[in-house]
file target-v3.csv (CSV, C-alpha atoms and all ligand atoms)
chain,number,residue,atom,x,y,z
A,1,MET,CA,216.3,-61.8,-112.2
A,2,THR,CA,219.9,-60.6,-112.1
A,3,GLY,CA,222.5,-62.4,-110.0
A,4,ALA,CA,222.6,-59.8,-107.2
A,5,LYS,CA,218.8,-59.6,-107.0
A,6,GLU,CA,218.5,-63.4,-106.9
A,7,THR,CA,221.1,-63.6,-104.1
A,8,ILE,CA,219.1,-60.9,-102.1
A,9,PHE,CA,215.9,-62.9,-102.7
A,10,ARG,CA,217.5,-66.1,-101.5
A,11,VAL,CA,219.0,-64.5,-98.4
A,12,LYS,CA,215.6,-62.8,-97.6
A,13,ARG,CA,213.8,-66.1,-98.1
A,14,ALA,CA,216.3,-67.9,-95.7
A,15,VAL,CA,216.2,-65.1,-93.1
A,16,PHE,CA,212.4,-64.8,-93.0
A,17,ARG,CA,211.7,-68.4,-92.5
A,18,ILE,CA,209.9,-69.6,-89.4
A,19,GLU,CA,212.6,-72.2,-89.0
A,20,THR,CA,215.3,-69.5,-88.8
A,21,ALA,CA,213.3,-67.6,-86.2
A,22,ARG,CA,212.9,-70.8,-84.2
A,23,LYS,CA,216.6,-71.6,-84.3
A,24,ILE,CA,217.5,-68.1,-83.1
A,25,THR,CA,214.9,-68.3,-80.3
A,26,GLN,CA,216.2,-71.7,-79.3
A,27,PHE,CA,219.8,-70.4,-79.2
A,28,CYS,CA,218.8,-67.3,-77.2
A,29,CYS,CA,216.9,-69.5,-74.7
A,30,PHE,CA,219.9,-71.9,-74.5
A,31,VAL,CA,222.2,-68.9,-73.6
A,32,LEU,CA,219.6,-67.6,-71.1
A,33,PHE,CA,219.3,-71.0,-69.4
A,34,ASN,CA,223.1,-71.2,-69.1
A,35,ALA,CA,223.6,-67.6,-68.2
A,36,PHE,CA,225.6,-68.6,-65.1
A,37,ILE,CA,228.5,-69.5,-67.4
A,38,PHE,CA,228.7,-65.8,-68.2
A,39,GLY,CA,228.3,-64.7,-64.6
A,40,LEU,CA,224.7,-63.6,-65.2
A,41,GLY,CA,221.7,-64.4,-63.1
A,42,PRO,CA,220.2,-65.8,-61.1
A,43,TRP,CA,216.9,-65.3,-63.0
A,44,LEU,CA,213.9,-66.6,-61.2
A,45,ILE,CA,212.2,-68.4,-64.1
A,46,LEU,CA,210.4,-71.7,-63.6
A,47,LEU,CA,209.4,-73.4,-66.8
A,48,PRO,CA,208.5,-76.9,-67.9
A,49,VAL,CA,211.7,-77.5,-70.0
A,50,LEU,CA,214.4,-80.0,-69.4
A,51,HIS,CA,217.4,-78.4,-67.8
A,52,SER,CA,219.3,-78.6,-64.6
A,53,PRO,CA,220.0,-75.9,-61.9
A,54,VAL,CA,223.8,-76.3,-61.7
A,55,ARG,CA,223.6,-74.8,-58.2
A,56,PRO,CA,220.3,-74.9,-56.4
A,57,ASP,CA,220.7,-71.3,-55.3
A,58,GLN,CA,221.4,-70.1,-58.8
A,59,ILE,CA,218.2,-70.7,-60.6
A,60,THR,CA,219.1,-69.7,-64.1
A,61,GLY,CA,216.0,-70.8,-65.9
A,62,GLY,CA,214.6,-73.3,-63.5
A,63,ASP,CA,213.4,-76.8,-64.6
A,64,ALA,CA,209.9,-77.0,-63.1
A,65,PHE,CA,209.9,-80.8,-62.8
A,66,ALA,CA,213.2,-80.7,-60.8
A,67,PHE,CA,211.7,-78.2,-58.4
A,68,LEU,CA,208.5,-80.2,-58.2
A,69,GLN,CA,210.4,-83.3,-57.0
A,70,GLN,CA,212.5,-81.2,-54.6
A,71,MET,CA,209.4,-79.6,-53.1
A,72,LEU,CA,207.7,-82.9,-52.6
A,73,HIS,CA,210.8,-84.3,-51.0
A,74,ASP,CA,210.6,-81.4,-48.5
A,75,ALA,CA,206.9,-82.1,-48.1
A,76,VAL,CA,205.9,-78.7,-49.5
A,77,PHE,CA,203.0,-78.5,-51.9
A,78,PRO,CA,204.5,-77.8,-55.3
A,79,TRP,CA,202.1,-75.1,-56.3
A,80,LEU,CA,204.7,-73.0,-58.2
A,81,PRO,CA,205.9,-75.8,-60.5
A,82,LEU,CA,202.4,-77.1,-61.0
A,83,ALA,CA,201.3,-73.5,-62.0
A,84,ALA,CA,204.2,-73.4,-64.4
A,85,PHE,CA,203.0,-76.7,-66.0
A,86,ILE,CA,199.3,-75.8,-66.1
A,87,LEU,CA,199.7,-72.2,-67.4
A,88,THR,CA,202.2,-73.1,-70.0
A,89,ALA,CA,200.1,-76.0,-71.2
A,90,VAL,CA,196.9,-74.0,-71.3
A,91,PHE,CA,198.3,-71.0,-73.2
A,92,LEU,CA,201.1,-72.6,-75.3
A,93,GLY,CA,200.7,-76.4,-75.3
A,94,ARG,CA,204.1,-77.9,-75.9
A,95,ALA,CA,205.4,-74.9,-77.7
A,96,LEU,CA,208.3,-74.5,-75.3
A,97,CYS,CA,209.5,-77.9,-76.3
A,98,GLY,CA,209.8,-76.7,-79.9
A,99,TRP,CA,211.1,-73.2,-79.2
A,100,ALA,CA,212.8,-72.9,-75.8
A,101,CYS,CA,213.9,-76.2,-74.2
A,102,PRO,CA,217.8,-76.4,-74.1
A,103,PHE,CA,217.7,-80.2,-74.3
A,104,GLY,CA,215.4,-80.0,-77.3
A,105,PHE,CA,217.8,-77.6,-78.9
A,106,ILE,CA,220.7,-80.0,-78.3
A,107,GLN,CA,218.7,-82.8,-80.0
A,108,ASN,CA,218.0,-80.5,-83.0
A,109,LEU,CA,221.7,-79.8,-83.3
A,110,LEU,CA,222.5,-83.5,-83.1
A,111,GLY,CA,220.0,-84.1,-85.9
A,112,TYR,CA,222.5,-82.4,-88.2
A,113,VAL,CA,225.1,-85.1,-87.6
A,114,LYS,CA,223.3,-87.6,-89.7
A,115,LYS,CA,222.1,-86.7,-93.1
A,116,LYS,CA,219.5,-89.5,-93.3
A,117,HIS,CA,217.6,-90.3,-90.1
A,118,THR,CA,216.3,-93.7,-89.0
A,119,GLU,CA,212.6,-94.0,-89.6
A,120,VAL,CA,210.8,-95.7,-86.7
A,121,SER,CA,207.8,-97.8,-87.8
A,122,LEU,CA,204.4,-96.4,-86.8
A,123,ARG,CA,203.7,-99.5,-84.6
A,124,THR,CA,206.9,-99.1,-82.7
A,125,HIS,CA,206.4,-95.3,-82.4
A,126,GLU,CA,202.9,-95.8,-81.0
A,127,ARG,CA,204.2,-98.2,-78.4
A,128,MET,CA,207.3,-96.1,-77.5
A,129,ILE,CA,205.4,-92.8,-76.9
A,130,LYS,CA,203.9,-94.5,-73.8
A,131,VAL,CA,207.3,-94.9,-72.2
A,132,LYS,CA,207.5,-91.3,-71.1
A,133,TYR,CA,204.2,-91.7,-69.1
A,134,ILE,CA,205.8,-94.6,-67.2
A,135,VAL,CA,208.9,-92.4,-66.5
A,136,LEU,CA,206.5,-89.6,-65.2
A,137,ALA,CA,204.4,-92.0,-63.2
A,138,VAL,CA,207.4,-93.7,-61.5
A,139,THR,CA,209.0,-90.4,-60.6
A,140,LEU,CA,205.8,-89.0,-59.2
A,141,PHE,CA,205.1,-92.2,-57.2
A,142,ILE,CA,208.5,-92.0,-55.5
A,143,SER,CA,208.2,-88.2,-54.9
A,144,VAL,CA,204.7,-88.4,-53.5
A,145,THR,CA,205.4,-91.4,-51.3
A,146,ILE,CA,208.4,-89.5,-49.9
A,147,ALA,CA,206.2,-86.5,-49.2
A,148,ILE,CA,203.7,-88.7,-47.4
A,149,SER,CA,206.5,-90.4,-45.4
A,150,VAL,CA,207.9,-87.0,-44.4
A,151,ALA,CA,204.5,-85.7,-43.5
A,152,THR,CA,203.7,-88.8,-41.3
A,153,GLY,CA,207.2,-88.8,-39.7
A,154,THR,CA,208.2,-92.2,-41.2
A,155,ARG,CA,210.7,-91.0,-43.7
A,156,GLY,CA,213.9,-92.3,-42.1
A,157,SER,CA,214.3,-95.8,-43.5
A,158,TYR,CA,212.4,-95.1,-46.7
A,159,LYS,CA,214.7,-92.2,-47.6
A,160,GLU,CA,217.7,-94.2,-46.6
A,161,ALA,CA,216.6,-97.0,-48.9
A,162,LEU,CA,216.2,-94.6,-51.9
A,163,GLY,CA,219.6,-92.9,-51.3
A,164,VAL,CA,220.5,-90.5,-54.0
A,165,PHE,CA,217.2,-91.0,-55.7
A,166,ALA,CA,215.3,-89.5,-52.8
A,167,PRO,CA,215.5,-85.7,-53.4
A,168,ALA,CA,214.8,-85.9,-57.2
A,169,PRO,CA,214.4,-89.4,-58.6
A,170,PHE,CA,214.2,-88.4,-62.2
A,171,ASN,CA,217.1,-85.9,-62.0
A,172,ALA,CA,219.4,-88.5,-60.4
A,173,LEU,CA,219.6,-90.2,-63.9
A,174,SER,CA,218.5,-87.3,-66.2
A,175,PRO,CA,220.7,-87.0,-69.3
A,176,ALA,CA,220.2,-83.2,-69.1
A,177,ASP,CA,221.5,-83.1,-65.6
A,178,THR,CA,224.5,-85.1,-66.6
A,179,LEU,CA,225.1,-82.9,-69.6
A,180,PHE,CA,224.4,-79.5,-68.1
A,181,ALA,CA,225.5,-80.0,-64.5
A,182,THR,CA,227.6,-83.1,-63.9
A,183,LEU,CA,230.0,-82.8,-66.8
A,184,PRO,CA,230.8,-79.1,-66.2
A,185,ARG,CA,231.4,-80.0,-62.5
A,186,ILE,CA,233.7,-82.9,-63.5
A,187,ALA,CA,235.6,-80.5,-65.8
A,188,LEU,CA,236.0,-78.1,-62.9
A,189,ASP,CA,237.1,-80.8,-60.5
A,190,ILE,CA,239.7,-82.1,-63.0
A,191,ARG,CA,240.9,-78.5,-63.6
A,192,TYR,CA,241.3,-77.6,-59.9
A,193,ALA,CA,241.8,-80.8,-57.9
A,194,ASN,CA,244.7,-83.2,-57.6
A,195,PRO,CA,244.2,-85.0,-61.0
A,196,ASN,CA,245.1,-88.5,-59.6
A,197,THR,CA,242.7,-88.3,-56.6
A,198,ALA,CA,239.9,-86.7,-58.7
A,199,LEU,CA,240.1,-89.3,-61.5
A,200,THR,CA,240.2,-92.3,-59.1
A,201,ASP,CA,237.3,-90.9,-57.1
A,202,MET,CA,235.2,-89.9,-60.0
A,203,PHE,CA,235.6,-92.7,-62.5
A,204,VAL,CA,236.5,-95.8,-60.5
A,205,VAL,CA,234.5,-95.9,-57.4
A,206,ARG,CA,231.3,-94.2,-58.6
A,207,PRO,CA,229.0,-96.6,-60.5
A,208,LEU,CA,226.2,-94.1,-60.4
A,209,LEU,CA,228.3,-91.7,-62.5
A,210,TRP,CA,229.0,-94.4,-65.0
A,211,THR,CA,225.3,-95.2,-65.2
A,212,ARG,CA,224.5,-91.5,-65.8
A,213,LEU,CA,227.2,-91.2,-68.5
A,214,ALA,CA,225.9,-94.3,-70.2
A,215,ILE,CA,222.3,-93.0,-70.2
A,216,MET,CA,223.4,-89.6,-71.5
A,217,THR,CA,225.6,-91.1,-74.3
A,218,PHE,CA,222.8,-93.5,-75.3
A,219,VAL,CA,220.2,-90.6,-75.4
A,220,LEU,CA,222.5,-88.3,-77.4
A,221,ILE,CA,223.5,-91.0,-79.9
A,222,LEU,CA,219.9,-92.0,-80.4
A,223,ALA,CA,218.9,-88.3,-81.0
A,224,ALA,CA,221.4,-88.2,-83.9
A,225,TYR,CA,219.7,-91.2,-85.5
A,226,VAL,CA,216.0,-90.6,-84.6
A,227,THR,CA,214.7,-87.1,-84.7
A,228,ARG,CA,213.8,-85.8,-81.2
A,229,SER,CA,213.8,-89.3,-79.8
A,230,TRP,CA,214.1,-88.2,-76.2
A,231,CYS,CA,211.2,-85.8,-76.5
A,232,ARG,CA,209.0,-88.4,-78.3
A,233,TYR,CA,209.6,-91.3,-76.1
A,234,PHE,CA,211.2,-90.6,-72.7
A,235,CYS,CA,210.8,-87.0,-71.4
A,236,PRO,CA,208.5,-86.7,-68.3
A,237,HIS,CA,208.0,-83.0,-69.1
A,238,ALA,CA,206.6,-84.1,-72.5
A,239,ALA,CA,204.3,-86.6,-70.8
A,240,ALA,CA,202.9,-84.0,-68.4
A,241,LEU,CA,202.4,-81.4,-71.1
A,242,ALA,CA,201.0,-83.9,-73.5
A,243,LEU,CA,198.3,-84.8,-71.0
A,244,LEU,CA,197.2,-81.1,-71.0
A,245,ASN,CA,198.1,-80.2,-74.6
A,246,ARG,CA,194.7,-81.1,-76.1
A,247,PHE,CA,193.1,-78.4,-73.8
A,248,SER,CA,195.6,-75.8,-75.1
A,249,PHE,CA,194.3,-72.5,-76.5
A,250,LEU,CA,197.1,-72.8,-79.1
A,251,GLY,CA,196.5,-75.2,-81.9
A,252,LEU,CA,196.8,-75.6,-85.7
A,253,LYS,CA,194.1,-75.5,-88.4
A,254,ARG,CA,194.1,-77.0,-91.9
A,255,ASP,CA,192.0,-75.3,-94.6
A,256,PRO,CA,190.4,-78.3,-96.4
A,257,LEU,CA,189.8,-76.2,-99.5
A,258,LYS,CA,193.5,-75.4,-99.9
A,259,CYS,CA,194.8,-78.8,-98.8
A,260,THR,CA,195.6,-81.1,-101.7
A,261,LYS,CA,195.7,-84.0,-99.3
A,262,ALA,CA,195.7,-86.9,-101.8
A,263,GLY,CA,198.9,-86.2,-103.6
A,264,CYS,CA,201.0,-84.2,-101.1
A,265,ARG,CA,201.6,-85.3,-97.4
A,266,ALA,CA,204.5,-82.7,-97.2
A,267,CYS,CA,203.3,-81.7,-93.7
A,268,VAL,CA,203.2,-85.2,-92.4
A,269,GLU,CA,206.6,-86.1,-93.9
A,270,VAL,CA,208.3,-83.0,-92.3
A,271,CYS,CA,206.8,-83.4,-88.8
A,272,PRO,CA,209.5,-84.4,-86.3
A,273,MET,CA,206.9,-85.9,-83.9
A,274,LYS,CA,205.4,-88.2,-86.5
A,275,ILE,CA,201.9,-86.7,-86.1
A,276,ARG,CA,199.3,-87.9,-88.6
A,277,ILE,CA,198.1,-84.4,-89.4
A,278,LEU,CA,195.8,-85.3,-92.2
A,279,GLU,CA,193.8,-87.6,-89.9
A,280,LEU,CA,193.1,-84.9,-87.3
A,281,PRO,CA,190.1,-82.5,-87.3
A,282,TRP,CA,190.8,-79.7,-89.8
A,283,GLU,CA,189.0,-76.9,-87.7
A,284,LYS,CA,191.6,-77.1,-85.0
A,285,PHE,CA,194.1,-79.8,-83.8
A,286,SER,CA,196.3,-79.7,-80.8
A,287,ASP,CA,197.8,-83.2,-80.8
A,288,PRO,CA,199.4,-84.3,-77.5
A,289,GLU,CA,202.7,-84.8,-79.3
A,290,CYS,CA,202.8,-81.5,-81.2
A,291,ILE,CA,205.6,-79.2,-80.2
A,292,TYR,CA,204.4,-76.3,-82.4
A,293,CYS,CA,207.7,-76.2,-84.3
A,294,LEU,CA,205.5,-75.0,-87.3
A,295,LYS,CA,207.5,-77.1,-89.8
A,296,CYS,CA,204.2,-78.3,-91.2
A,297,VAL,CA,203.1,-74.7,-91.7
A,298,GLU,CA,206.2,-73.9,-93.6
A,299,ALA,CA,206.3,-77.1,-95.7
A,300,CYS,CA,202.7,-76.6,-97.0
A,301,THR,CA,203.1,-75.0,-100.4
A,302,THR,CA,199.4,-74.0,-100.6
A,303,LYS,CA,199.5,-72.4,-97.1
A,304,ALA,CA,196.7,-74.6,-95.9
A,305,ILE,CA,198.0,-75.0,-92.3
A,306,LYS,CA,198.1,-72.1,-89.9
A,307,PRO,CA,198.4,-71.6,-86.1
A,308,LYS,CA,195.1,-71.0,-84.3
A,309,PHE,CA,194.7,-69.2,-81.0
A,310,PRO,CA,192.5,-69.8,-79.2
B,401,LIG,S1,210.1,-83.0,-74.5
B,401,LIG,FE1,212.0,-82.4,-75.3
B,401,LIG,S2,211.8,-80.3,-75.6
B,401,LIG,FE2,210.2,-80.9,-74.2
B,401,LIG,S3,211.0,-80.6,-72.2
B,401,LIG,FE3,211.5,-82.7,-72.8
B,401,LIG,S4,213.5,-82.6,-73.7
B,401,LIG,FE4,212.7,-80.5,-73.6
B,402,LIG,S1,202.2,-81.0,-86.3
B,402,LIG,FE1,203.4,-79.4,-87.3
B,402,LIG,S2,203.8,-78.0,-85.6
B,402,LIG,FE2,203.2,-80.0,-84.6
B,402,LIG,S3,205.2,-81.0,-84.3
B,402,LIG,FE3,204.4,-81.7,-86.3
B,402,LIG,S4,205.4,-80.3,-87.8
B,402,LIG,FE4,205.6,-79.4,-85.8

call {"tool": "encode", "arguments": {"input": "target-v3.csv", "output": "structure tokens"}}
result
Amino acid sequence: MTGAKETIFRVKRAVFRIETARKITQFCCFVLFNAFIFGLGPWLILLPVLHSPVRPDQITGGDAFAFLQQMLHDAVFPWLPLAAFILTAVFLGRALCGWACPFGFIQNLLGYVKKKHTEVSLRTHERMIKVKYIVLAVTLFISVTIAISVATGTRGSYKEALGVFAPAPFNALSPADTLFATLPRIALDIRYANPNTALTDMFVVRPLLWTRLAIMTFVLILAAYVTRSWCRYFCPHAAALALLNRFSFLGLKRDPLKCTKAGCRACVEVCPMKIRILELPWEKFSDPECIYCLKCVEACTTKAIKPKFP
């Protein structure tokens, strides 16, 4: 092959990779979810991805879980966010985590900071993936009890006791809220307010802000070391979708005749969610942790793994 032909072949191979398509899709979704920056929107989209409505009236790609908490706080049955979760999970499993979530995209970008990532032992991994269910359960417990207290007219002292955690308990500490909403707001405050007053108010007398910044910093640093650590271990969206993922129409299948299982394990090694692909049923698998990034499909040299729908 001549030099020019080889270059064209390499460019074609790079462009037509699934991973390239995924990165482009993630970038487009990131822009869509942050469209307000460009003066676009509001778009009325409610999806189970981690983001934050910067202004409640400007839903530029709404975070279904944030709206679910808000609706429970107002004692309104959250049928729309629930529908977003159930329909997404049934048709796409956790594919939006792999292809559309802005916070997932940020974690993927942070993954490039470190060349070699920290490997979490299987035992620790198996324990840690349960943490996200605790985050989901605690949030739902607070939101549902608030809804009951509003419905029974006893909300006064309960809401007072919860303070800033009452309207959306998870979002009050969410690293995505801090990154996508609080930090831009601080930047604007510093830009337009009296700098001395703004800095004193914001950084000295607001312990909640410090807590939020500490959580966000921890999560972002961890993401640079451990691939998709937030998605694996802490995200309540992930927990809700994981519960429904095994019923998803979307799945993966592994052709046992093409798979050279014994000497390969390329799919297992490339999986960002540490899924034990070779131990799952070959006819169809839709593991709760799978984000359908399709890295395993691309890594398999014998093309044994393919998406399956339904
Ligand atoms: S698990 Fe990750 S990709 Fe999915 S919603 Fe949460 S942050 Fe986003
Ligand atoms: S099993 Fe495949 S598609 Fe699912 S997360 Fe792992 S690499 Fe991605």

call {"tool": "residues_near_point", "arguments": {"input": "target-v3.csv", "point": "(216.0, -80.3, -81.7)", "cutoff": "12 Å", "atoms": "all atoms listed in the file", "output": "VMD selection string"}}
result
chain A and resid 19 22 to 23 26 to 27 30 96 to 113 220 223 to 224 226 to 232 272 to 273 291 293

call {"tool": "closest_residue", "arguments": {"input": "target-v3.csv", "among": "A:Tyr133, A:Trp282, A:Phe65, A:Tyr292", "to": "Pro78 (chain A)", "atoms": "all atoms listed in the file"}}
result
A:Phe65

call {"tool": "atom_distance", "arguments": {"input": "target-v3.csv", "atom1": "CA of Lys132 (chain A)", "atom2": "CA of Ala95 (chain A)"}}
result
17.8 Å

call {"tool": "residues_near_point", "arguments": {"input": "target-v3.csv", "point": "(210.9, -82.0, -49.8)", "cutoff": "9 Å", "atoms": "only C-alpha atoms", "output": "ChimeraX atom specification"}}
result
/A:68-77,143,146-147,150,167

call {"tool": "atom_distance", "arguments": {"input": "target-v3.csv", "atom1": "CA of Phe180 (chain A)", "atom2": "CA of Ala84 (chain A)"}}
result
21.4 Å

call {"tool": "closest_atom_pairs", "arguments": {"input": "target-v3.csv", "of": "chain A", "to": "ligand LIG 402 (chain B)", "cutoff": "8 Å", "atoms": "all atoms listed in the file", "output": "JSON lines"}}
result
{"residue": "A:Gly98", "atom": "CA", "partner": "B:LIG402", "partner_atom": "S3", "distance": 7.7}
{"residue": "A:Leu252", "atom": "CA", "partner": "B:LIG402", "partner_atom": "S2", "distance": 7.4}
{"residue": "A:Cys267", "atom": "CA", "partner": "B:LIG402", "partner_atom": "S4", "distance": 6.4}
{"residue": "A:Val268", "atom": "CA", "partner": "B:LIG402", "partner_atom": "S4", "distance": 7.1}
{"residue": "A:Val270", "atom": "CA", "partner": "B:LIG402", "partner_atom": "S4", "distance": 6.0}
{"residue": "A:Cys271", "atom": "CA", "partner": "B:LIG402", "partner_atom": "S4", "distance": 3.5}
{"residue": "A:Pro272", "atom": "CA", "partner": "B:LIG402", "partner_atom": "FE3", "distance": 5.8}
{"residue": "A:Met273", "atom": "CA", "partner": "B:LIG402", "partner_atom": "S3", "distance": 5.2}
{"residue": "A:Lys274", "atom": "CA", "partner": "B:LIG402", "partner_atom": "FE3", "distance": 6.6}
{"residue": "A:Ile275", "atom": "CA", "partner": "B:LIG402", "partner_atom": "FE3", "distance": 5.6}
{"residue": "A:Arg276", "atom": "CA", "partner": "B:LIG402", "partner_atom": "S1", "distance": 7.8}
{"residue": "A:Ile277", "atom": "CA", "partner": "B:LIG402", "partner_atom": "S1", "distance": 6.2}
{"residue": "A:Ser286", "atom": "CA", "partner": "B:LIG402", "partner_atom": "FE2", "distance": 7.9}
{"residue": "A:Asp287", "atom": "CA", "partner": "B:LIG402", "partner_atom": "FE2", "distance": 7.3}
{"residue": "A:Glu289", "atom": "CA", "partner": "B:LIG402", "partner_atom": "S3", "distance": 6.8}
{"residue": "A:Cys290", "atom": "CA", "partner": "B:LIG402", "partner_atom": "FE2", "distance": 3.7}
{"residue": "A:Ile291", "atom": "CA", "partner": "B:LIG402", "partner_atom": "S3", "distance": 4.5}
{"residue": "A:Tyr292", "atom": "CA", "partner": "B:LIG402", "partner_atom": "S2", "distance": 3.7}
{"residue": "A:Cys293", "atom": "CA", "partner": "B:LIG402", "partner_atom": "FE4", "distance": 4.1}
{"residue": "A:Leu294", "atom": "CA", "partner": "B:LIG402", "partner_atom": "S2", "distance": 3.8}
{"residue": "A:Lys295", "atom": "CA", "partner": "B:LIG402", "partner_atom": "S4", "distance": 4.3}
{"residue": "A:Cys296", "atom": "CA", "partner": "B:LIG402", "partner_atom": "S4", "distance": 4.1}
{"residue": "A:Val297", "atom": "CA", "partner": "B:LIG402", "partner_atom": "FE1", "distance": 6.4}

call {"tool": "closest_residue", "arguments": {"input": "target-v3.csv", "among": "A:Ala64, A:Ile18, A:Leu122, A:Leu188", "to": "ligand LIG 401 (chain B)", "atoms": "only C-alpha atoms and all ligand atoms"}}
result
A:Ala64

call {"tool": "decode", "arguments": {"input": "target-v3.csv", "residues": "region 204-218 of chain A", "atoms": "N, CA and C atoms", "output": "mmCIF file, in the first residue's frame"}}
result
data_model
loop_
_atom_site.group_PDB
_atom_site.id
_atom_site.type_symbol
_atom_site.label_atom_id
_atom_site.label_comp_id
_atom_site.auth_asym_id
_atom_site.auth_seq_id
_atom_site.Cartn_x
_atom_site.Cartn_y
_atom_site.Cartn_z
ATOM 1 N N VAL A 204 -16.927 32.531 52.450
ATOM 2 C CA VAL A 204 -16.627 32.485 53.880
ATOM 3 C C VAL A 204 -17.821 31.983 54.682
ATOM 4 N N VAL A 205 -19.005 32.514 54.373
ATOM 5 C CA VAL A 205 -20.146 32.185 55.236
ATOM 6 C C VAL A 205 -21.078 31.135 54.633
ATOM 7 N N ARG A 206 -20.591 30.338 53.705
ATOM 8 C CA ARG A 206 -21.488 29.346 53.102
ATOM 9 C C ARG A 206 -20.877 27.944 53.131
ATOM 10 N N PRO A 207 -21.010 27.268 54.287
ATOM 11 C CA PRO A 207 -20.409 25.931 54.396
ATOM 12 C C PRO A 207 -20.969 24.945 53.380
ATOM 13 N N LEU A 208 -22.266 25.122 53.010
ATOM 14 C CA LEU A 208 -22.857 24.198 52.030
ATOM 15 C C LEU A 208 -22.118 24.293 50.702
ATOM 16 N N LEU A 209 -21.752 25.507 50.341
ATOM 17 C CA LEU A 209 -21.026 25.689 49.075
ATOM 18 C C LEU A 209 -19.679 24.964 49.123
ATOM 19 N N TRP A 210 -18.987 25.080 50.261
ATOM 20 C CA TRP A 210 -17.703 24.389 50.413
ATOM 21 C C TRP A 210 -17.880 22.876 50.325
ATOM 22 N N THR A 211 -18.950 22.403 50.940
ATOM 23 C CA THR A 211 -19.221 20.946 50.889
ATOM 24 C C THR A 211 -19.451 20.521 49.439
ATOM 25 N N ARG A 212 -20.247 21.304 48.729
ATOM 26 C CA ARG A 212 -20.545 20.966 47.329
ATOM 27 C C ARG A 212 -19.276 20.979 46.486
ATOM 28 N N LEU A 213 -18.447 22.000 46.711
ATOM 29 C CA LEU A 213 -17.201 22.084 45.933
ATOM 30 C C LEU A 213 -16.285 20.909 46.263
ATOM 31 N N ALA A 214 -16.250 20.525 47.539
ATOM 32 C CA ALA A 214 -15.392 19.396 47.943
ATOM 33 C C ALA A 214 -15.875 18.103 47.285
ATOM 34 N N ILE A 215 -17.203 17.887 47.287
ATOM 35 C CA ILE A 215 -17.744 16.666 46.668
ATOM 36 C C ILE A 215 -17.430 16.653 45.178
ATOM 37 N N MET A 216 -17.678 17.779 44.513
ATOM 38 C CA MET A 216 -17.432 17.834 43.070
ATOM 39 C C MET A 216 -15.956 17.568 42.752
ATOM 40 N N THR A 217 -15.071 18.192 43.526
ATOM 41 C CA THR A 217 -13.641 18.013 43.272
ATOM 42 C C THR A 217 -13.244 16.551 43.464
ATOM 43 N N PHE A 218 -13.746 15.949 44.549
ATOM 44 C CA PHE A 218 -13.441 14.540 44.807
ATOM 45 C C PHE A 218 -13.916 13.662 43.651
#
